[in-house]
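Asks: Please read through the structure below; I'll follow up with questions.
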Amino acid sequence: MITERPDKGRSPGLLPAPRAADSAKRRRDVGAVIKAYVSLTKPRIVELLLVTTVPAMMLAAGGWPDLWLVAVVLVGGSLAAGAASALNCYIDRDIDQLMRRTKRRPLPAHAVTPRSALIFGLVLAVISVVLMGVFTNWLATAMTAASIFYYDVIYTLWLKRRTPANTFWGGICGAAPVLIGWAAVTGSVGPLGWALFAVVFFWQMPHFYALAIKYKDDYARAGIPMLPVVRSAGRVNAEILIFTVLMLASSLAAWPLGLGPIYGVTAVISGLVFLSEAVRLVRRSRRGEPLKPMRLFHWSYTYLTILFIAVAVDALI
């Protein structure tokens, strides 16, 4: 056990101890503030976006693109995703405090003021767009700016609170990093880029429906019309299966457009595992058994990571 070494020649309780305690408290306070601002950016989402962006850039370049360009897109994309998430937290602060899943976020927890979160998000957005504009091209820059606007204004402010189709339409900005990475390399987006976009787009429905099933009561309490809240279990089950099949079909459609056998085999095996998890969830629902939707939710992360690692490997060989 490590303990603080006593100060020689001084009795306990004199000034150095309180000063040390004050210094430690200040460090903890600064650390807590930094942690709160990082939390506003939703790092897990940023991580997921980067998993799809870099392999898309490698495929567009036919190997490793310029490392400086990769660094710019990674930083710019991370800032853009962080900006969109921080502004989302600002807009959703009223409903976040009602939901068990989100009530510990910085704004409901009063770790950051709404004004500070708004300024933070806007600053990140400006920096990300300027960075992309200076070092990439107009298409990648326009897509970056449009993604931030779409996520916070179209999805968060409008669709999320008004229609159960919010997850479907919100999937556009979630899949945009694939297009942004591709456009940053080539200045355009080819058929293979659009096929990978479709994979991520369709992936988001079973991914997020599983989460919405788990937190159905939360969304109902907050008045958010997520599909599991306002539609029957049968409708939710059907959409999970339909969009899983479309995701699998899109991943296979990408194969002959310029990908090799490593990707193809990976897409088939991982896609079938994903489909089996979706079928298992639907069967439990129909039998009235405990659903365990987070099995599908967590596997969906693994699936996307495995698939895009295969994209990167195929781009290098």
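For the structure tokens, the naming scheme is as follows: chains receive sequential letters (A, B, ...) according to their order of presentation, residues are indexed from 1 within each chain, and ligands are indexed from 1 in presentation order.
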Taking only C-alpha atoms into account, produce a table as a Markdown table in which each residue of stretch 137-232 of chain A with an atom at most 12 Å from an atom of stretch 108-122 of chain A appears once, together with its shortest atom pair and the distance in Å to one decimal, ordered by chain and rising number.
Replies:
```
| residue | atom | partner | partner_atom | distance |
| --- | --- | --- | --- | --- |
| A:Ala145 | CA | A:Leu122 | CA | 11.5 |
| A:Ile148 | CA | A:Leu122 | CA | 10.1 |
| A:Phe149 | CA | A:Leu122 | CA | 11.0 |
| A:Asp152 | CA | A:Gly121 | CA | 10.6 |
```
Asks: May I ask for the distance between atom CA of A:Asp314 and atom CA of A:Leu131, given in Å to one decimal place?
Replies: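 Atom CA of A:Leu131 lies at a distance of 29.3 Å from atom CA of A:Asp314.
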Asks: Can you tell me, as a ChimeraX atom specification, what residues are no more than 10 Å from A:Thr163 when counting only C-alpha atoms, ignoring any on the same chain fewer than 5 positions away?
Replies: /A:158,169,224-227,230
Asks: Could you write out that same residue set with all heavy atoms as a PDB file, in the first residue's frame?
Replies:
```
ATOM      1  N   TRP A 158     -36.015  18.225 -35.782  1.00  0.00           N
ATOM      2  CA  TRP A 158     -37.270  17.991 -36.487  1.00  0.00           C
ATOM      3  C   TRP A 158     -37.698  16.527 -36.457  1.00  0.00           C
ATOM      4  O   TRP A 158     -38.672  16.165 -35.788  1.00  0.00           O
ATOM      5  CB  TRP A 158     -37.132  18.492 -37.928  1.00  0.00           C
ATOM      6  CG  TRP A 158     -38.359  18.306 -38.764  1.00  0.00           C
ATOM      7  CD1 TRP A 158     -39.668  18.357 -38.344  1.00  0.00           C
ATOM      8  CD2 TRP A 158     -38.402  18.011 -40.161  1.00  0.00           C
ATOM      9  NE1 TRP A 158     -40.520  18.113 -39.398  1.00  0.00           N
ATOM     10  CE2 TRP A 158     -39.775  17.912 -40.531  1.00  0.00           C
ATOM     11  CE3 TRP A 158     -37.418  17.845 -41.136  1.00  0.00           C
ATOM     12  CZ2 TRP A 158     -40.167  17.629 -41.837  1.00  0.00           C
ATOM     13  CZ3 TRP A 158     -37.821  17.572 -42.446  1.00  0.00           C
ATOM     14  CH2 TRP A 158     -39.179  17.473 -42.783  1.00  0.00           C
ATOM     15  N   TRP A 169     -34.215   8.164 -41.677  1.00  0.00           N
ATOM     16  CA  TRP A 169     -33.688   9.382 -42.297  1.00  0.00           C
ATOM     17  C   TRP A 169     -32.422   9.864 -41.597  1.00  0.00           C
ATOM     18  O   TRP A 169     -31.532  10.445 -42.225  1.00  0.00           O
ATOM     19  CB  TRP A 169     -34.757  10.473 -42.303  1.00  0.00           C
ATOM     20  CG  TRP A 169     -35.913  10.120 -43.179  1.00  0.00           C
ATOM     21  CD1 TRP A 169     -37.177   9.791 -42.796  1.00  0.00           C
ATOM     22  CD2 TRP A 169     -35.891  10.014 -44.607  1.00  0.00           C
ATOM     23  NE1 TRP A 169     -37.961   9.489 -43.883  1.00  0.00           N
ATOM     24  CE2 TRP A 169     -37.195   9.624 -45.017  1.00  0.00           C
ATOM     25  CE3 TRP A 169     -34.918  10.213 -45.588  1.00  0.00           C
ATOM     26  CZ2 TRP A 169     -37.520   9.432 -46.352  1.00  0.00           C
ATOM     27  CZ3 TRP A 169     -35.252  10.028 -46.922  1.00  0.00           C
ATOM     28  CH2 TRP A 169     -36.542   9.640 -47.291  1.00  0.00           C
ATOM     29  N   ILE A 224     -40.504  10.632 -27.263  1.00  0.00           N
ATOM     30  CA  ILE A 224     -39.812  10.472 -28.536  1.00  0.00           C
ATOM     31  C   ILE A 224     -40.419   9.275 -29.279  1.00  0.00           C
ATOM     32  O   ILE A 224     -40.422   8.153 -28.765  1.00  0.00           O
ATOM     33  CB  ILE A 224     -38.305  10.242 -28.324  1.00  0.00           C
ATOM     34  CG1 ILE A 224     -37.701  11.400 -27.538  1.00  0.00           C
ATOM     35  CG2 ILE A 224     -37.592  10.067 -29.661  1.00  0.00           C
ATOM     36  CD1 ILE A 224     -37.856  12.744 -28.208  1.00  0.00           C
ATOM     37  N   PRO A 225     -40.931   9.480 -30.497  1.00  0.00           N
ATOM     38  CA  PRO A 225     -41.663   8.403 -31.196  1.00  0.00           C
ATOM     39  C   PRO A 225     -40.755   7.407 -31.909  1.00  0.00           C
ATOM     40  O   PRO A 225     -40.875   7.180 -33.120  1.00  0.00           O
ATOM     41  CB  PRO A 225     -42.520   9.195 -32.194  1.00  0.00           C
ATOM     42  CG  PRO A 225     -41.669  10.376 -32.544  1.00  0.00           C
ATOM     43  CD  PRO A 225     -40.964  10.751 -31.256  1.00  0.00           C
ATOM     44  N   MET A 226     -39.833   6.795 -31.159  1.00  0.00           N
ATOM     45  CA  MET A 226     -39.023   5.732 -31.755  1.00  0.00           C
ATOM     46  C   MET A 226     -39.935   4.572 -32.155  1.00  0.00           C
ATOM     47  O   MET A 226     -40.970   4.346 -31.530  1.00  0.00           O
ATOM     48  CB  MET A 226     -37.956   5.262 -30.775  1.00  0.00           C
ATOM     49  CG  MET A 226     -36.886   6.299 -30.487  1.00  0.00           C
ATOM     50  SD  MET A 226     -35.996   6.753 -32.004  1.00  0.00           S
ATOM     51  CE  MET A 226     -34.883   8.012 -31.375  1.00  0.00           C
ATOM     52  N   LEU A 227     -39.532   3.847 -33.175  1.00  0.00           N
ATOM     53  CA  LEU A 227     -40.404   2.815 -33.733  1.00  0.00           C
ATOM     54  C   LEU A 227     -40.918   1.825 -32.685  1.00  0.00           C
ATOM     55  O   LEU A 227     -42.118   1.525 -32.668  1.00  0.00           O
ATOM     56  CB  LEU A 227     -39.666   2.068 -34.854  1.00  0.00           C
ATOM     57  CG  LEU A 227     -40.555   1.211 -35.741  1.00  0.00           C
ATOM     58  CD1 LEU A 227     -41.422   2.081 -36.644  1.00  0.00           C
ATOM     59  CD2 LEU A 227     -39.712   0.259 -36.598  1.00  0.00           C
ATOM     60  N   VAL A 230     -44.000   3.388 -30.742  1.00  0.00           N
ATOM     61  CA  VAL A 230     -45.280   3.739 -31.371  1.00  0.00           C
ATOM     62  C   VAL A 230     -45.796   2.698 -32.358  1.00  0.00           C
ATOM     63  O   VAL A 230     -46.873   2.865 -32.922  1.00  0.00           O
ATOM     64  CB  VAL A 230     -45.158   5.100 -32.091  1.00  0.00           C
ATOM     65  CG1 VAL A 230     -44.829   6.196 -31.100  1.00  0.00           C
ATOM     66  CG2 VAL A 230     -44.097   5.055 -33.191  1.00  0.00           C
TER      67      VAL A 230
END
```
Asks: Would you mind reading off the distance between atom CA of A:Leu50 and atom CA of A:Phe308, one decimal, in Å?
Replies: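 Separating atom CA of A:Leu50 from atom CA of A:Phe308 is a distance of 10.3 Å.
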Asks: How many Å separate atom CA of A:Val189 from atom CA of A:Ile306?
Replies: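 Here the two named atoms are 22.9 Å from each other.
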Asks: Near A:Val282, counting only C-alpha atoms, which residues have an atom at most 10 Å away, once you skip same-chain residues fewer than 5 positions from it, shown as a ChimeraX atom specification?
Replies: /A:233-234,236-238,240-241,276-277,287-288,291,293
Asks: Would you mind exporting N, CA and C atoms of the selected residues as a CSV table (one decimal), in the first residue's frame?
Replies:
```csv
chain,number,residue,atom,x,y,z
A,233,ALA,N,-44.7,-4.8,-32.0
A,233,ALA,CA,-43.5,-5.6,-32.0
A,233,ALA,C,-43.3,-6.3,-33.4
A,234,GLY,N,-44.4,-6.7,-34.0
A,234,GLY,CA,-44.4,-7.3,-35.3
A,234,GLY,C,-43.8,-6.3,-36.4
A,236,VAL,N,-41.7,-3.8,-35.7
A,236,VAL,CA,-40.3,-3.6,-35.4
A,236,VAL,C,-39.5,-4.8,-35.9
A,237,ASN,N,-40.0,-6.0,-35.6
A,237,ASN,CA,-39.4,-7.3,-36.0
A,237,ASN,C,-39.2,-7.3,-37.6
A,238,ALA,N,-40.2,-6.9,-38.3
A,238,ALA,CA,-40.2,-6.9,-39.7
A,238,ALA,C,-39.1,-6.0,-40.2
A,240,ILE,N,-36.4,-4.8,-38.6
A,240,ILE,CA,-35.1,-5.3,-38.3
A,240,ILE,C,-34.6,-6.4,-39.3
A,241,LEU,N,-35.5,-7.3,-39.7
A,241,LEU,CA,-35.1,-8.3,-40.7
A,241,LEU,C,-34.9,-7.7,-42.0
A,276,SER,N,-28.3,-14.0,-38.3
A,276,SER,CA,-28.8,-15.0,-37.3
A,276,SER,C,-29.1,-14.4,-36.0
A,277,GLU,N,-28.3,-13.3,-35.6
A,277,GLU,CA,-28.6,-12.6,-34.4
A,277,GLU,C,-30.0,-11.9,-34.5
A,287,ARG,N,-42.0,-15.5,-29.4
A,287,ARG,CA,-42.3,-16.5,-28.4
A,287,ARG,C,-42.6,-15.9,-27.0
A,288,GLY,N,-42.5,-14.6,-26.9
A,288,GLY,CA,-42.7,-13.9,-25.6
A,288,GLY,C,-41.6,-14.1,-24.6
A,291,LEU,N,-36.0,-10.6,-24.5
A,291,LEU,CA,-35.5,-10.3,-25.8
A,291,LEU,C,-34.0,-10.2,-25.9
A,293,PRO,N,-32.0,-7.6,-26.5
A,293,PRO,CA,-31.7,-6.8,-27.7
A,293,PRO,C,-30.2,-6.3,-27.8
```
